[in-house]
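A short worksheet on the structure shown next.
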Amino acid sequence: MKNIFLLFIFIVFFLPLNLKAENLNVFGLGMYDFNKKKNEAIDFRIEKRLDKSLYEIGPEAESLYFIKPFYGLEFTSDSALYALGGIYIEEKISENIFLTPNFGVGIYSDGDGKELGNTIQFRSTLEFSYKIKNNNRIALSIGHISNASLGETNPGTEIISLSYQSPF
């Protein structure tokens, strides 16, 4: 399992992507399992959000939303590791404020942390971000990781985090 994660890390972060679009690097720090207070840990998140539309929602003349891909790693101070990929939609609420829901699926290893009942896990997140003067963003997000009842148990966990986002 460890070799699969190392290969994923190499592919995700070190192979060049030939995409001609504005993308975002996301660096997050948060509290894992914050609401249940049984298996709390510090949560670290690294994501790459690609500004490449996979699917457009809305009328042909002018789409309302664009479904775009992301991929990343999430790990905790308890050595849990989660490698995932998924989709997101970004809604510009005002000049500098964005709402970004996303959904992903990935491979989870609990390390010394919370057992989530399966290797395959799903994550849904809701994020509010604010664009600062240098076009970077700061954001607050809340997410839920669950195995969607694929395992015998499905305890799930919630994460609240702050992130710094920069274009690449």
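Chain labels A, B, ... are given in the sequence in which chains occur in the structure tokens; within each chain residues are numbered consecutively from 1, and ligands are likewise numbered from 1 in the order shown.
Here the DSSP assignment of alpha helix (DSSP H), based on backbone atoms, applies within segment 11-163 of chain A to Ile11, Val12, Phe13 and Phe14 of chain A.
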Those residues with C-alpha atoms, as a compact mmCIF listing (two decimals), in the first residue's frame please?
# COMPACT_ATOMS: atom_id res chain seq x y z
CA ILE A 11 2.68 11.26 -10.53
CA VAL A 12 0.57 13.97 -8.96
CA PHE A 13 3.25 16.40 -7.91
CA PHE A 14 6.29 15.81 -10.08
Self-check item: Residues within 9 Å of Leu24 of chain A, only C-alpha atoms, excluding chain neighbours under 3 positions, as a ChimeraX atom specification
Solution: /A:47-51,136,165-168
Those residues with N, CA and C atoms, as a PDB file, in the first residue's frame please?
ATOM      1  N   GLU A  47      -3.556  20.125  -2.500  1.00  0.00           N
ATOM      2  CA  GLU A  47      -4.369  19.812  -3.686  1.00  0.00           C
ATOM      3  C   GLU A  47      -3.901  20.644  -4.865  1.00  0.00           C
ATOM      4  N   LYS A  48      -4.176  20.120  -6.033  1.00  0.00           N
ATOM      5  CA  LYS A  48      -4.027  20.873  -7.271  1.00  0.00           C
ATOM      6  C   LYS A  48      -5.402  20.908  -7.920  1.00  0.00           C
ATOM      7  N   ARG A  49      -5.893  22.120  -8.140  1.00  0.00           N
ATOM      8  CA  ARG A  49      -7.177  22.309  -8.821  1.00  0.00           C
ATOM      9  C   ARG A  49      -6.886  22.782 -10.234  1.00  0.00           C
ATOM     10  N   LEU A  50      -7.414  22.049 -11.186  1.00  0.00           N
ATOM     11  CA  LEU A  50      -7.148  22.344 -12.585  1.00  0.00           C
ATOM     12  C   LEU A  50      -8.303  23.135 -13.179  1.00  0.00           C
ATOM     13  N   ASP A  51      -7.971  24.185 -13.874  1.00  0.00           N
ATOM     14  CA  ASP A  51      -8.986  25.031 -14.500  1.00  0.00           C
ATOM     15  C   ASP A  51      -9.257  24.524 -15.917  1.00  0.00           C
ATOM     16  N   ASN A 136      -3.838  35.521  -4.781  1.00  0.00           N
ATOM     17  CA  ASN A 136      -3.903  34.317  -3.966  1.00  0.00           C
ATOM     18  C   ASN A 136      -5.206  34.359  -3.182  1.00  0.00           C
ATOM     19  N   GLN A 165      -4.251  29.459  -1.015  1.00  0.00           N
ATOM     20  CA  GLN A 165      -4.333  28.980  -2.391  1.00  0.00           C
ATOM     21  C   GLN A 165      -3.589  29.938  -3.308  1.00  0.00           C
ATOM     22  N   SER A 166      -2.742  29.365  -4.172  1.00  0.00           N
ATOM     23  CA  SER A 166      -1.985  30.218  -5.089  1.00  0.00           C
ATOM     24  C   SER A 166      -2.075  29.667  -6.509  1.00  0.00           C
ATOM     25  N   PRO A 167      -2.200  30.568  -7.494  1.00  0.00           N
ATOM     26  CA  PRO A 167      -2.249  30.132  -8.892  1.00  0.00           C
ATOM     27  C   PRO A 167      -0.910  29.548  -9.335  1.00  0.00           C
ATOM     28  N   PHE A 168      -0.983  28.627 -10.269  1.00  0.00           N
ATOM     29  CA  PHE A 168       0.248  28.109 -10.893  1.00  0.00           C
ATOM     30  C   PHE A 168       0.039  27.976 -12.380  1.00  0.00           C
TER      31      PHE A 168
END
Self-check item: Polymer residues at most 9 Å from Leu162 of chain A, only C-alpha atoms, same-chain spacing of 2 or more positions, as a VMD selection string
Solution: chain A and resid 27 to 30 138 to 141 160 164
Using C-alpha atoms, can you export the residues from the last selection as a JSON list (two decimals), in the first residue's frame?
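File produced: again.json:
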[["chain", "number", "residue", "atom", "x", "y", "z"],
["A", 27, "PHE", "CA", -2.27, 24.16, 1.09],
["A", 28, "GLY", "CA", -4.57, 23.43, 4.02],
["A", 29, "LEU", "CA", -4.25, 23.03, 7.76],
["A", 30, "GLY", "CA", -7.13, 21.89, 9.89],
["A", 138, "ILE", "CA", -7.44, 32.30, 1.83],
["A", 139, "ALA", "CA", -10.25, 29.86, 2.52],
["A", 140, "LEU", "CA", -12.33, 28.14, 5.18],
["A", 141, "SER", "CA", -13.72, 24.69, 4.43],
["A", 160, "ILE", "CA", -12.55, 21.90, 9.32],
["A", 164, "TYR", "CA", -3.87, 29.24, 1.35]]
Quiz item: Hey, what does DSSP flag as strand (DSSP E or B) within chain A? Can you give it to me as a PyMOL selection string?
Solution: chain A and resi 24-32+41-49+55-57+65-76+81-88+91-92+97-109+120-131+137-146+157-167
Exercise. Tell me which protein, DNA and RNA residues are within 8 Å of segment 119-125 of chain A, counting only C-alpha atoms, leaving out same-chain ones fewer than 3 positions away, and put them as an MDAnalysis selection string.
Key: chainID A and resid 101:109 116 141:148 150
Atoms to include: N, CA and C atoms. Write the selected residues as a PDB file, in the first residue's frame.
ATOM      1  N   PRO A 101     -17.861  23.952  -3.842  1.00  0.00           N
ATOM      2  CA  PRO A 101     -18.143  22.593  -3.391  1.00  0.00           C
ATOM      3  C   PRO A 101     -17.306  21.609  -4.219  1.00  0.00           C
ATOM      4  N   ASN A 102     -16.885  20.502  -3.588  1.00  0.00           N
ATOM      5  CA  ASN A 102     -16.174  19.482  -4.347  1.00  0.00           C
ATOM      6  C   ASN A 102     -16.476  18.101  -3.807  1.00  0.00           C
ATOM      7  N   PHE A 103     -16.205  17.111  -4.649  1.00  0.00           N
ATOM      8  CA  PHE A 103     -16.459  15.715  -4.306  1.00  0.00           C
ATOM      9  C   PHE A 103     -15.323  14.881  -4.881  1.00  0.00           C
ATOM     10  N   GLY A 104     -14.763  13.987  -4.062  1.00  0.00           N
ATOM     11  CA  GLY A 104     -13.672  13.148  -4.530  1.00  0.00           C
ATOM     12  C   GLY A 104     -13.749  11.746  -3.975  1.00  0.00           C
ATOM     13  N   VAL A 105     -12.951  10.880  -4.557  1.00  0.00           N
ATOM     14  CA  VAL A 105     -12.834   9.493  -4.109  1.00  0.00           C
ATOM     15  C   VAL A 105     -11.357   9.140  -4.101  1.00  0.00           C
ATOM     16  N   GLY A 106     -10.963   8.306  -3.127  1.00  0.00           N
ATOM     17  CA  GLY A 106      -9.554   7.963  -3.060  1.00  0.00           C
ATOM     18  C   GLY A 106      -9.272   6.777  -2.173  1.00  0.00           C
ATOM     19  N   ILE A 107      -7.976   6.585  -1.942  1.00  0.00           N
ATOM     20  CA  ILE A 107      -7.472   5.470  -1.154  1.00  0.00           C
ATOM     21  C   ILE A 107      -7.013   6.006   0.200  1.00  0.00           C
ATOM     22  N   TYR A 108      -7.457   5.351   1.269  1.00  0.00           N
ATOM     23  CA  TYR A 108      -7.194   5.811   2.640  1.00  0.00           C
ATOM     24  C   TYR A 108      -6.412   4.757   3.417  1.00  0.00           C
ATOM     25  N   SER A 109      -5.409   5.209   4.144  1.00  0.00           N
ATOM     26  CA  SER A 109      -4.676   4.365   5.084  1.00  0.00           C
ATOM     27  C   SER A 109      -4.762   5.044   6.443  1.00  0.00           C
ATOM     28  N   LEU A 116     -11.550   4.123   9.349  1.00  0.00           N
ATOM     29  CA  LEU A 116     -12.775   4.537   8.659  1.00  0.00           C
ATOM     30  C   LEU A 116     -13.511   3.383   7.987  1.00  0.00           C
ATOM     31  N   SER A 141     -12.933  25.794   4.990  1.00  0.00           N
ATOM     32  CA  SER A 141     -13.723  24.692   4.431  1.00  0.00           C
ATOM     33  C   SER A 141     -14.111  23.707   5.523  1.00  0.00           C
ATOM     34  N   ILE A 142     -15.186  23.000   5.237  1.00  0.00           N
ATOM     35  CA  ILE A 142     -15.618  21.894   6.090  1.00  0.00           C
ATOM     36  C   ILE A 142     -15.871  20.712   5.160  1.00  0.00           C
ATOM     37  N   GLY A 143     -15.340  19.555   5.556  1.00  0.00           N
ATOM     38  CA  GLY A 143     -15.452  18.379   4.714  1.00  0.00           C
ATOM     39  C   GLY A 143     -15.855  17.153   5.502  1.00  0.00           C
ATOM     40  N   HIS A 144     -16.315  16.156   4.779  1.00  0.00           N
ATOM     41  CA  HIS A 144     -16.733  14.882   5.366  1.00  0.00           C
ATOM     42  C   HIS A 144     -16.105  13.760   4.557  1.00  0.00           C
ATOM     43  N   ILE A 145     -15.449  12.824   5.242  1.00  0.00           N
ATOM     44  CA  ILE A 145     -14.893  11.638   4.594  1.00  0.00           C
ATOM     45  C   ILE A 145     -15.659  10.433   5.098  1.00  0.00           C
ATOM     46  N   SER A 146     -16.071   9.568   4.164  1.00  0.00           N
ATOM     47  CA  SER A 146     -16.893   8.404   4.491  1.00  0.00           C
ATOM     48  C   SER A 146     -16.668   7.310   3.462  1.00  0.00           C
ATOM     49  N   ASN A 147     -16.893   6.063   3.851  1.00  0.00           N
ATOM     50  CA  ASN A 147     -16.784   4.976   2.877  1.00  0.00           C
ATOM     51  C   ASN A 147     -18.112   4.656   2.197  1.00  0.00           C
ATOM     52  N   ALA A 148     -19.134   5.454   2.429  1.00  0.00           N
ATOM     53  CA  ALA A 148     -20.456   5.281   1.795  1.00  0.00           C
ATOM     54  C   ALA A 148     -21.014   3.883   2.018  1.00  0.00           C
ATOM     55  N   LEU A 150     -19.471   1.076   2.158  1.00  0.00           N
ATOM     56  CA  LEU A 150     -18.795  -0.013   1.438  1.00  0.00           C
ATOM     57  C   LEU A 150     -18.165  -1.000   2.413  1.00  0.00           C
TER      58      LEU A 150
END
Quiz item: Looking at only C-alpha atoms, which of A:Lys131, A:Leu84, A:Lys38, A:Ile89 is the one that sits closest to Tyr55 of chain A?
Solution: A:Ile89
Quiz item: What is the atom CA of Ser77 of chain A-atom CA of Asp112 of chain A distance in Å, reported with one decimal?
Solution: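 Separation of atom CA of Ser77 of chain A and atom CA of Asp112 of chain A: 8.9 Å.
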